Amino acid sequence: MVEIDAKGIHYRVLNDRIRELVDRGEDHIVLRNVNGQRYIGDGITREVKIDIYGVAGGDLGAFMNGPRITVYGNAQDGAGNTMNGGKIVVHGMAGDVCGYGMRGGKLYILRDCGYRVGIHMKGYKHLIPTIVIGGTAGEFLCEYMAGGRVIVLGMFGRTPGVLTGDYLATGMHGGSIFLRGRVDRHFMGKEVGEVPLTEEDRRFLRETIKDFAREFELNAEEILDAEFTKLIPVTHRPYGSLYTMDSPIIRS
């Protein structure tokens, strides 16, 4: 294990140091006093454990494929941006657009997250990305979602019981959203609908929530002791009519 005191270190210098350690074969890096340094773990393509104490800056773990990053604090915008594999665990809150274009791996956020989390999220070949949000998600959750799975618990944030903001799943055309409870229809995009959970869904929820609970030392059975709502897209081309010859936009 190698420790780095990140206090006052420019993000470029810090990331150069991390990459040097990864290249020489270190498998456990601990960063202390992190205060908003960006791009930590970006583009790393092998298994390595990175522990962060403090506030991780923007685009944490972007494009990564293999590392396990644990943040003992909050994460700013863009955590898991286009990540392909690995795991990010945030023991606090996370900012906007986390999991943008995410293609694989897992992103666990204990508390609340910001706007447009899971936007353009997608599966890739055999990869099925997963996001679990322990608190409340902001507006435009899973906007234009094309694949993967998102679970919102609404339990561990600032306002327990509140699951999402407005415009949930606007433009969604793939993937699944699981809510611990229900969200009023007027919060949702017109492209999605509720469907019953299958046995496969229940197995996925049990396995994933048990894993989430282990990460944060929570009671998995307490989390699972509730009705979950599943949302899926009701059309694969929600805006297809806008791009036909009959569209008023094209006619004009």
# chains A, B, ... in the order shown; residues from 1 in each chain; ligands from 1
call {"tool": "select_by_dssp", "arguments": {"residues": "stretch 1-181 of chain A", "states": "strand (DSSP E)", "output": "count of residues only"}}
result
55
call {"tool": "residues_around", "arguments": {"residues": "stretch 140-149 of chain A", "least_positions_apart": "6", "cutoff": "8 Å", "atoms": "only C-alpha atoms", "output": "PyMOL selection string"}}
result
chain A and resi 103-104+115-123+128-131+164-178
call {"tool": "residues_around", "arguments": {"residues": "stretch 2-17 of chain A", "least_positions_apart": "3", "cutoff": "12 Å", "atoms": "only C-alpha atoms", "output": "PyMOL selection string"}}
result
chain A and resi 20-44+48-61
call {"tool": "closest_residue", "arguments": {"among": "A:Gly161, A:Gly134, A:Gly78, A:Gly86", "to": "A:Arg46", "atoms": "only C-alpha atoms"}}
result
A:Gly86
call {"tool": "closest_atom_pairs", "arguments": {"of": "stretch 149-191 of chain A", "to": "stretch 207-217 of chain A", "cutoff": "12 Å", "atoms": "only C-alpha atoms", "output": "Markdown table"}}
result
| residue | atom | partner | partner_atom | distance |
| --- | --- | --- | --- | --- |
| A:Arg149 | CA | A:Thr208 | CA | 10.5 |
| A:Val150 | CA | A:Thr208 | CA | 10.6 |
| A:Ile151 | CA | A:Ile209 | CA | 8.9 |
| A:Val152 | CA | A:Ile209 | CA | 10.7 |
| A:Leu153 | CA | A:Ile209 | CA | 9.7 |
| A:Phe156 | CA | A:Phe216 | CA | 10.9 |
| A:Phe178 | CA | A:Ile209 | CA | 11.4 |
| A:Arg180 | CA | A:Ile209 | CA | 11.2 |
call {"tool": "write_last_selection", "arguments": {"atoms": "C-alpha atoms", "output": "compact mmCIF listing (two decimals), in the first residue's frame"}}
result
# COMPACT_ATOMS: atom_id res chain seq x y z
CA ARG A 149 -30.03 -0.69 -14.31
CA VAL A 150 -30.58 2.04 -11.74
CA ILE A 151 -31.92 1.55 -8.20
CA VAL A 152 -33.15 4.47 -6.07
CA LEU A 153 -33.77 3.74 -2.38
CA PHE A 156 -30.25 7.65 3.44
CA PHE A 178 -36.12 0.23 -9.75
CA ARG A 180 -38.08 1.58 -3.45
